[in-house]
>>> print(open('final.cif').read())   # mmCIF, C-alpha atoms and all ligand atoms
data_model
#
loop_
_atom_site.label_atom_id
_atom_site.label_comp_id
_atom_site.auth_asym_id
_atom_site.auth_seq_id
_atom_site.Cartn_x
_atom_site.Cartn_y
_atom_site.Cartn_z
CA MET A 1 0.50 3.43 -15.56
CA ARG A 2 0.31 2.26 -11.99
CA PRO A 3 3.33 0.26 -10.88
CA HIS A 4 2.67 -3.02 -9.12
CA SER A 5 4.69 -1.89 -6.21
CA CYS A 6 5.11 1.78 -5.54
CA SER A 7 6.25 4.23 -3.00
CA GLY A 8 4.63 7.44 -1.83
CA CYS A 9 5.96 10.94 -1.31
CA CYS A 10 5.99 11.97 2.35
CA VAL A 11 4.38 15.35 1.59
CA CYS A 12 1.61 14.70 -0.93
CA GLY A 13 1.23 10.94 -0.36
CA SER A 14 0.87 10.25 -4.08
CA TYR A 15 3.28 7.86 -5.67
CA LEU A 16 6.78 8.24 -6.96
CA ASN A 17 6.24 7.06 -10.47
CA PRO A 18 8.77 4.97 -12.36
CA SER A 19 10.04 6.42 -15.57
CA TRP A 20 10.53 3.56 -17.97
CA LEU A 21 8.92 4.75 -21.16
CA GLU A 22 10.99 6.12 -24.00
CA GLU A 23 8.91 9.26 -24.25
CA ASP A 24 9.73 10.01 -20.64
CA ALA A 25 13.11 11.29 -21.80
CA ILE A 26 12.51 15.02 -21.47
CA PHE A 27 16.07 15.90 -22.28
CA LEU A 28 16.19 14.57 -25.81
CA ASN A 29 17.23 17.98 -27.09
CA ASP A 30 20.00 18.34 -24.54
CA GLU A 31 23.31 17.77 -26.25
CA LYS A 32 24.64 15.98 -23.17
CA TRP A 33 21.78 13.48 -23.25
CA GLU A 34 23.02 10.30 -24.85
CA ILE A 35 20.98 7.62 -26.54
CA ARG A 36 22.90 4.70 -27.95
CA HIS A 37 21.48 1.64 -29.64
CA GLY A 38 18.02 2.73 -28.52
CA GLN A 39 19.08 2.56 -24.87
CA ARG A 40 18.41 5.51 -22.62
CA LYS A 41 21.46 6.98 -21.03
CA VAL A 42 22.01 9.25 -18.12
CA LEU A 43 22.21 13.02 -17.90
CA PHE A 44 23.95 14.72 -14.98
CA LEU A 45 22.98 18.28 -14.21
CA ASP A 46 22.59 20.78 -11.40
CA ALA A 47 19.51 20.39 -9.23
CA LYS A 48 18.56 24.04 -9.87
CA GLU A 49 18.52 23.45 -13.62
CA LEU A 50 16.18 20.48 -13.30
CA GLU A 51 13.97 22.22 -10.74
CA SER A 52 13.49 25.22 -13.02
CA LYS A 53 12.53 23.15 -16.06
CA TYR A 54 8.96 23.24 -17.34
CA ILE A 55 7.92 19.79 -18.45
CA ASP A 56 6.02 19.58 -21.70
CA LYS A 57 2.24 19.44 -21.35
CA ASP A 58 1.98 16.12 -23.17
CA MET A 59 4.48 14.51 -20.79
CA ALA A 60 3.31 16.44 -17.76
CA SER A 61 3.25 13.68 -15.17
CA ILE A 62 6.99 13.00 -15.48
CA TRP A 63 7.43 15.29 -12.49
CA THR A 64 6.28 12.37 -10.33
CA SER A 65 9.39 10.38 -11.30
CA PHE A 66 11.85 12.93 -9.86
CA TYR A 67 12.52 12.68 -6.15
CA ARG A 68 14.97 13.36 -3.37
CA LEU A 69 15.69 10.89 -0.59
CA ILE A 70 15.90 11.57 3.12
CA LEU A 71 18.63 9.33 4.52
CA TYR A 72 20.15 8.86 7.93
CA ASP A 73 23.86 9.60 7.84
CA PHE A 74 25.41 7.42 10.54
CA SER A 75 28.73 9.28 10.36
CA LYS A 76 27.04 12.64 11.10
CA GLY A 77 24.29 11.23 13.31
CA GLU A 78 21.56 13.12 11.45
CA PHE A 79 19.08 12.91 8.58
CA THR A 80 20.24 14.47 5.31
CA LEU A 81 18.67 15.30 1.98
CA THR A 82 20.12 13.90 -1.25
CA GLY A 83 20.21 15.49 -4.67
CA ILE A 84 17.55 14.64 -7.27
CA GLY A 85 17.20 11.18 -8.77
CA GLN A 86 14.76 9.68 -11.24
CA GLN A 87 13.06 6.38 -10.56
CA PHE A 88 13.91 3.77 -13.16
CA ASN A 89 11.92 0.51 -13.11
CA THR A 90 11.94 -0.38 -9.43
CA THR A 91 15.26 1.17 -8.45
CA PHE A 92 16.12 4.36 -6.60
CA THR A 93 19.40 6.17 -6.22
CA ALA A 94 20.39 9.84 -6.12
CA PRO A 95 23.49 12.02 -5.99
CA LYS A 96 24.61 12.48 -2.39
CA ASP A 97 25.11 16.22 -3.02
CA ALA A 98 21.77 18.08 -2.66
CA ALA A 99 22.85 20.52 -5.40
CA LYS A 100 23.14 17.77 -8.04
CA ALA A 101 20.62 15.86 -10.15
CA PHE A 102 20.39 13.15 -12.73
CA ALA A 103 17.82 11.88 -15.20
CA GLY A 104 17.68 8.64 -17.09
CA VAL A 105 19.24 5.28 -16.33
CA PRO A 106 20.68 5.34 -12.81
CA PRO A 107 24.46 5.03 -12.60
CA ARG A 108 25.76 2.04 -10.64
CA ASP A 109 29.42 2.82 -10.46
CA ARG A 110 29.74 6.25 -8.87
CA LYS A 111 30.93 6.89 -5.36
CA ASP A 112 29.10 10.22 -5.20
CA PHE A 113 25.74 8.41 -5.43
CA THR A 114 23.76 6.66 -2.71
CA LYS A 115 23.46 2.91 -2.79
CA ILE A 116 20.68 1.55 -5.01
CA TYR A 117 17.42 1.01 -3.18
CA ASP A 118 14.56 -1.12 -4.33
CA VAL A 119 11.00 0.14 -4.24
CA ALA A 120 9.76 -2.68 -1.96
CA PRO A 121 10.29 -2.69 0.88
CA ASP A 122 13.15 -0.13 0.95
CA LEU A 123 10.99 2.85 0.01
CA SER A 124 7.45 1.55 0.27
CA TRP A 125 7.73 0.31 3.86
CA TRP A 126 5.36 3.00 5.11
CA ASN A 127 2.90 2.47 2.23
CA GLY A 128 1.84 -0.97 3.36
CA ASP A 129 3.94 -2.90 0.87
CA LEU A 130 5.99 -4.92 3.33
CA GLY A 131 5.46 -8.50 2.17
CA ASP A 132 4.73 -11.50 4.39
CA ASP A 133 8.35 -12.15 5.26
CA TYR A 134 9.07 -8.61 6.44
CA GLU A 135 11.22 -8.44 9.52
CA LYS A 136 11.72 -5.31 11.58
CA ILE A 137 15.03 -3.60 11.02
CA ASP A 138 16.59 -0.35 12.18
CA LEU A 139 14.47 2.06 10.14
CA ARG A 140 17.36 4.48 9.90
CA HIS A 141 18.70 2.24 7.12
CA LEU A 142 15.64 2.98 4.95
CA PRO A 143 15.15 6.13 2.88
CA ILE A 144 12.04 8.29 2.74
CA GLY A 145 11.07 9.67 -0.66
CA ILE A 146 9.87 13.18 -1.45
CA HIS A 147 9.00 14.49 -4.90
CA MET A 148 11.47 17.06 -6.22
CA SER A 149 8.52 19.42 -6.71
CA CYS A 150 7.04 18.83 -3.25
CA TRP A 151 10.40 19.74 -1.68
CA LYS A 152 10.50 22.90 -3.81
CA LEU A 153 6.99 23.84 -2.66
CA ALA A 154 7.96 23.13 0.96
CA GLN A 155 10.84 25.59 0.70
CA TRP A 156 8.51 28.15 -0.86
CA LYS A 157 5.73 27.84 1.72
CA LEU A 158 7.80 27.18 4.88
CA GLY A 159 10.87 29.22 3.95
CA PRO A 160 14.40 28.17 2.98
CA GLY A 161 15.14 27.41 6.68
CA VAL A 162 13.24 24.15 6.22
CA ALA A 163 16.50 22.61 4.93
CA GLU A 164 18.17 23.26 8.31
CA ASN A 165 15.16 21.80 10.10
CA LEU A 166 14.84 18.84 7.78
CA GLU A 167 14.33 16.20 10.46
CA LEU A 168 11.51 18.18 12.14
CA PHE A 169 9.83 18.95 8.82
CA ILE A 170 9.93 15.36 7.57
CA ALA A 171 8.70 14.02 10.93
CA ILE A 172 5.63 16.29 10.73
CA ALA A 173 5.07 15.64 7.02
CA LEU A 174 5.32 11.87 7.38
CA ARG A 175 2.93 11.67 10.31
CA THR A 176 0.44 14.04 8.63
CA THR A 177 0.46 12.30 5.27
CA PHE A 178 0.49 8.83 6.74
CA GLY A 179 -2.65 9.80 8.68
CA ILE A 180 -4.41 11.20 5.61
CA ILE A 181 -3.58 8.25 3.39
CA SER A 182 -4.43 5.67 6.05
CA GLY A 183 -7.89 7.24 6.24
CA PHE A 184 -8.40 6.45 2.54
CA ARG A 185 -7.34 2.85 2.79
CA GLY A 186 -10.15 0.36 2.46
CA GLU A 187 -10.36 -3.35 1.97
CA GLY A 188 -8.48 -4.34 -1.14
CA ASN A 189 -7.21 -0.84 -1.86
CA THR A 190 -3.66 -0.65 -2.98
CA TRP A 191 -1.95 2.56 -2.15
CA PRO A 192 -0.46 5.08 -2.52
CA PHE A 193 -2.81 6.69 -4.98
CA ASN A 194 -2.32 9.31 -7.64
CA ILE A 195 -3.10 12.89 -6.77
CA TYR A 196 -6.53 12.86 -8.44
CA GLU A 197 -7.63 9.82 -6.52
CA ILE A 198 -6.48 11.48 -3.31
CA VAL A 199 -8.27 14.74 -4.10
CA ALA A 200 -11.44 12.90 -5.10
CA MET A 201 -11.35 10.80 -1.93
CA LYS A 202 -10.81 13.90 0.14
CA ASN A 203 -13.95 15.42 -1.39
CA SER A 204 -15.95 12.22 -1.31
CA SER A 205 -19.04 11.97 0.84
CA CYS A 206 -18.30 8.27 0.89
CA ALA A 207 -15.43 8.98 3.29
CA GLU A 208 -17.95 10.12 5.88
CA ARG A 209 -19.86 6.89 5.53
CA GLY A 210 -16.67 4.91 5.93
CA GLY A 211 -17.49 2.87 2.84
CA ASP A 212 -15.18 1.57 0.23
CA ILE A 213 -14.12 4.93 -1.11
CA ILE A 214 -11.95 3.81 -3.93
CA SER A 215 -14.63 1.53 -5.44
CA GLU A 216 -17.13 4.35 -5.46
CA LEU A 217 -14.52 6.68 -6.84
CA TRP A 218 -13.69 4.30 -9.66
CA SER A 219 -17.29 3.61 -10.54
CA ARG A 220 -18.09 7.32 -10.67
CA ASN A 221 -14.93 8.96 -11.84
CA LEU A 222 -12.76 6.49 -13.67
CA TYR A 223 -13.32 7.94 -17.13
CA GLU A 224 -13.11 11.46 -15.90
CA LEU A 225 -9.86 10.70 -14.08
CA GLN A 226 -8.30 9.11 -17.14
CA ASP A 227 -8.60 12.37 -19.03
CA ARG A 228 -7.02 14.43 -16.32
CA VAL A 229 -3.41 15.40 -16.43
CA ASP A 230 -1.21 15.55 -13.41
CA TYR A 231 0.65 18.81 -14.02
CA ASP A 232 3.81 19.62 -12.11
CA PRO A 233 2.68 21.47 -8.96
CA SER A 234 5.90 23.47 -8.83
CA ARG A 235 6.86 24.41 -12.42
CA ASN A 236 3.41 24.21 -13.92
CA PRO A 237 3.56 24.65 -17.71
CA TRP A 238 0.40 26.77 -17.62
CA THR A 239 2.20 29.33 -15.47
CA GLN A 240 4.89 29.51 -18.12
CA ASN A 241 2.20 30.23 -20.75
CA ILE A 242 0.65 32.96 -18.64
CA ILE A 243 4.01 34.61 -17.91
CA ASP A 244 4.84 34.52 -21.63
CA SER A 245 1.58 36.17 -22.61
CA SER A 246 2.07 38.79 -19.86
CA ARG A 247 5.26 39.76 -21.70
CA ARG A 248 3.38 40.27 -24.95
CA ILE A 249 0.11 41.87 -23.94
CA LYS A 250 0.29 45.65 -23.76
CA LYS A 251 -0.56 47.37 -20.54
CA GLN A 252 -3.74 49.39 -20.28
CA ILE A 253 -3.27 53.13 -20.30
CA SER A 254 -3.81 54.76 -16.92
CA PHE A 255 -6.90 56.83 -16.34
CA ALA A 256 -6.15 60.41 -17.27
CA GLN A 257 -8.61 62.09 -14.94
CA PRO A 258 -8.55 60.74 -11.43
CA LEU A 259 -11.41 61.68 -9.16
CA PRO A 260 -10.78 64.41 -6.62
CA GLN A 261 -8.66 62.99 -3.82
CA SER A 262 -11.40 63.72 -1.29
CA MET A 263 -13.53 60.92 -2.74
CA ILE A 264 -10.89 58.31 -2.00
CA PRO A 265 -10.11 57.41 1.61
CA ASP A 266 -6.79 58.99 2.44
CA LEU A 267 -4.75 55.93 3.38
CA PRO A 268 -1.09 55.04 2.91
CA LEU A 269 -0.53 52.90 -0.17
CA GLU A 270 0.56 49.86 1.88
CA ILE A 271 -2.75 49.85 3.78
CA TRP A 272 -4.62 50.13 0.48
CA PHE A 273 -2.67 47.15 -0.81
CA GLU A 274 -3.57 45.08 2.24
CA ILE A 275 -7.26 45.91 1.82
CA LEU A 276 -7.15 45.04 -1.87
CA ASP A 277 -5.66 41.63 -1.04
CA PHE A 278 -9.04 40.68 0.50
CA LEU A 279 -10.74 41.15 -2.87
CA ASP A 280 -10.43 38.86 -5.82
CA CYS A 281 -8.57 40.12 -8.84
CA LYS A 282 -11.64 41.04 -10.81
CA GLU A 283 -13.07 43.03 -7.91
CA VAL A 284 -9.84 45.01 -7.60
CA SER A 285 -9.99 45.81 -11.32
CA ASN A 286 -13.63 46.89 -11.01
CA LEU A 287 -12.85 49.04 -8.00
CA GLY A 288 -10.13 50.76 -10.01
CA ILE A 289 -12.63 51.47 -12.79
CA ALA A 290 -15.33 52.66 -10.38
CA LEU A 291 -12.98 55.04 -8.57
CA GLN A 292 -11.18 55.90 -11.80
CA ILE A 293 -7.82 55.22 -10.26
CA ALA A 294 -5.03 53.24 -11.82
CA ILE A 295 -4.02 50.42 -9.52
CA PRO A 296 -0.22 50.69 -9.63
CA ASP A 297 1.96 48.00 -11.16
CA ARG A 298 3.67 47.68 -7.79
CA TYR A 299 0.44 46.34 -6.30
CA TRP A 300 -0.09 43.72 -9.00
CA ARG A 301 3.52 42.60 -8.70
CA SER A 302 3.19 42.14 -4.93
CA ARG A 303 -0.02 40.21 -5.51
CA ALA A 304 1.67 37.97 -8.09
CA ALA A 305 4.43 37.23 -5.56
CA LEU A 306 1.87 35.49 -3.35
CA ASN A 307 1.05 33.02 -6.12
CA LEU A 308 4.11 32.49 -8.25
CA ILE A 309 7.01 30.30 -7.29
CA GLU A 310 8.82 31.96 -10.23
CA ILE A 311 8.59 35.49 -8.80
CA ASP A 312 12.32 35.98 -8.09
CA GLU A 313 13.16 35.21 -11.71
CA ILE A 314 10.67 37.68 -13.23
CA ALA A 315 10.32 40.41 -10.57
CA GLU A 316 12.51 42.88 -12.50
CA GLU A 317 10.74 42.40 -15.82
CA ASP A 318 8.34 44.90 -17.32
CA LEU A 319 5.40 42.51 -17.49
CA ASN A 320 1.72 43.25 -17.69
CA TRP A 321 1.32 42.38 -14.00
CA HIS A 322 -2.38 43.18 -13.98
CA TYR A 323 -3.04 40.70 -16.79
CA LEU A 324 -0.77 38.12 -15.15
CA CYS A 325 -2.70 38.27 -11.86
CA LEU A 326 -6.11 38.15 -13.53
CA LYS A 327 -5.18 35.25 -15.75
CA PHE A 328 -3.30 33.22 -13.15
CA GLU A 329 -5.95 33.54 -10.45
CA ALA A 330 -8.70 32.58 -12.89
CA VAL A 331 -6.86 29.45 -14.03
CA TYR A 332 -5.67 28.54 -10.54
CA ALA A 333 -9.07 28.70 -8.91
CA THR A 334 -10.95 26.61 -11.41
CA GLY A 335 -10.29 23.50 -13.43
CA GLU A 336 -7.75 20.82 -12.87
CA LYS A 337 -4.60 22.48 -14.18
CA PHE A 338 -3.45 23.37 -10.70
CA GLU A 339 -5.18 20.62 -8.77
CA SER A 340 -1.89 19.09 -7.57
CA ARG A 341 -0.59 22.50 -6.49
CA ARG A 342 -3.78 23.36 -4.60
CA TYR A 343 -3.78 20.03 -2.79
CA ILE A 344 -0.09 20.12 -1.84
CA VAL A 345 -0.04 23.80 -0.85
CA ASP A 346 -3.07 23.15 1.37
CA ILE A 347 -1.25 20.34 3.20
CA LEU A 348 1.94 22.39 3.54
CA SER A 349 0.29 25.66 4.61
CA ASN A 350 -2.59 24.42 6.74
CA LYS A 351 -1.57 21.05 8.12
CA ILE A 352 2.24 21.00 8.31
CA LYS A 353 3.28 24.64 8.71
CA PRO A 354 1.43 25.47 11.96
CA THR A 355 2.99 22.48 13.76
CA TYR A 356 6.37 23.21 12.18
CA LEU A 357 6.37 26.82 13.42
CA GLN A 358 5.23 25.81 16.91
CA ASN A 359 8.10 23.35 17.23
CA LEU A 360 10.88 25.56 15.88
CA GLY A 361 11.43 27.06 19.31
CA LYS A 362 10.47 24.43 21.85
CA ARG A 363 10.27 20.96 20.34
CA ASP A 364 7.41 18.78 21.55
CA PHE A 365 6.99 16.85 18.32
CA PRO A 366 8.42 13.29 18.31
CA ARG A 367 11.70 12.66 16.54
CA LEU A 368 11.56 11.34 12.99
CA GLU A 369 12.76 7.90 14.08
CA GLU A 370 9.79 7.64 16.45
CA VAL A 371 7.35 8.69 13.72
CA MET A 372 8.84 6.10 11.36
CA GLY A 373 8.34 3.49 14.10
CA GLU A 374 4.68 4.57 14.56
CA CYS A 375 4.03 4.16 10.84
CA GLU A 376 5.72 0.77 10.72
CA ASP A 377 3.70 -0.45 13.73
CA ALA A 378 0.45 0.79 12.19
CA ILE A 379 1.23 -0.95 8.92
CA LEU A 380 2.11 -4.21 10.65
CA ARG A 381 -1.12 -4.06 12.68
CA TYR A 382 -3.05 -3.52 9.45
CA LEU A 383 -1.32 -6.35 7.60
CA HIS A 384 -1.85 -8.77 10.48
CA ARG A 385 -5.39 -7.71 11.29
CA TYR A 386 -6.83 -11.16 10.53
CA ASP A 387 -4.10 -13.19 12.24
CA PHE A 388 -6.40 -13.91 15.19
CA LEU A 389 -8.62 -15.93 12.80
CA ASP A 390 -5.86 -18.45 12.14
ZN ZN B 1 4.82 14.74 -3.42
#
>>> encode(input="final.cif", output="structure tokens", more="lines below")
Ligand SMILES: [Zn+2]
Amino acid sequence: MRPHSCSGCCVCGSYLNPSWLEEDAIFLNDEKWEIRHGQRKVLFLDAKELESKYIDKDMASIWTSFYRLILYDFSKGEFTLTGIGQQFNTTFTAPKDAAKAFAGVPPRDRKDFTKIYDVAPDLSWWNGDLGDDYEKIDLRHLPIGIHMSCWKLAQWKLGPGVAENLELFIAIALRTTFGIISGFRGEGNTWPFNIYEIVAMKNSSCAERGGDIISELWSRNLYELQDRVDYDPSRNPWTQNIIDSSRRIKKQISFAQPLPQSMIPDLPLEIWFEILDFLDCKEVSNLGIALQIAIPDRYWRSRAALNLIEIDEIAEEDLNWHYLCLKFEAVYATGEKFESRRYIVDILSNKIKPTYLQNLGKRDFPRLEEVMGECEDAILRYLHRYDFLD
């Protein structure tokens, strides 16, 4: 369900989705989760525990309700990252400690939580939802939202050091995503959009014609989009399935009779591995069969590490790594199960990371406050674009 007023994530641009339906409670089996008189209660837990949870396939899009906030701490004079909160109706709050999380009805009486923000205009100021009576304020008083999962993917793709360079990272992410989303905005479009709308607009030829992208998208793809499920891009339940089956499926027995060594180029194993990385999984398997060599488990594990955010948790297990790679790469490349992941990883790796790395040493990129000001100005120009007609 699309909220009337919604806020976007500064990495993927799709909305932070309010969680107000009873079935959104994904912790019903947790003994600490309280429900009294039919009212949802709150569950406090460690951020790591929530981040490592796979959300059921039939409630998959709940991941969009979990977020962190980027806030300016006036006492420290810097931007900081909060713990994980869950949007409830139109309100936002989060534990101040980045290692903490909550789900459910937001608490209003705890000193270790941020103040309660409202979706408009506190969080949606850069999404165009300012209202006619909006007056400019010091933007450092307003939070920026980022999905819990998008932050997790950012740490994975840019390295854990991204937390120490938070202000730089968010400045680049906000400018990048604001630019992408602004390009999709047409007359009468409300935004932000969900991830499928964004992906479809990105691929739409209509964008090149500068037409009303969203209308065309809706006329062509509405029914298709309704059937699609927005799976968590970080802890995707399909990955969990594939890992589970890799535990059960027996490994193939190695070839007993390798070809004479002279038929195989005499290269160190590491070089072999690098060459194999250029082939897709199936081609590597076929090469193994053709040369009658067993591709070692070590290779498949290193290949899996490129794709799996879970790798540290399973690296020591005796899995069928060959099967895991084959299966994961097949599911990842096709279909919509990993569409969110593909879209977000593309932004992080190809649009944000190069600028981030360039600016780690010598900083040319504007400060986050300046980028926030740019976005606000652009939004105000857009909202007042017809004022000259008055
Ligand atoms: Zn996001």
>>> residues_near_ligand(input="final.cif", ligand="ligand ZN 1 (chain B)", cutoff="8 Å", atoms="all atoms listed in the file", output="ChimeraX atom specification")
/A:8-16,64,146-151,344
>>> closest_residue(input="final.cif", among="A:Asp232, A:Asp133, A:Asp312, A:Asp244", to="Arg341 in chain A", atoms="only C-alpha atoms")
A:Asp232
>>> atom_distance(input="final.cif", atom1="CA of Pro107 in chain A", atom2="CA of His141 in chain A")
20.7 Å
>>> residues_around(input="final.cif", residues="Pro121 in chain A", least_positions_apart="4", cutoff="12 Å", atoms="all atoms listed in the file", output="list in words")
Ser5, Cys6, Ser7, Gly8, Thr90, Thr91, Phe92, Tyr117, Trp125, Trp126, Asn127, Gly128, Asp129, Leu130, Gly131, Asp132, Asp133, Tyr134, Glu135, Lys136, Ile137, Leu139, His141, Leu142, Pro143, Ile144 and Glu376 of chain A
>>> atom_distance(input="final.cif", atom1="CA of Gly179 in chain A", atom2="CA of Lys337 in chain A")
26.2 Å
>>> closest_residue(input="final.cif", among="A:Cys375, A:Ala294, A:Leu319, A:Ala330", to="Lys282 in chain A", atoms="all atoms listed in the file")
A:Ala330
>>> atom_distance(input="final.cif", atom1="CA of Thr176 in chain A", atom2="CA of Arg385 in chain A")
22.7 Å
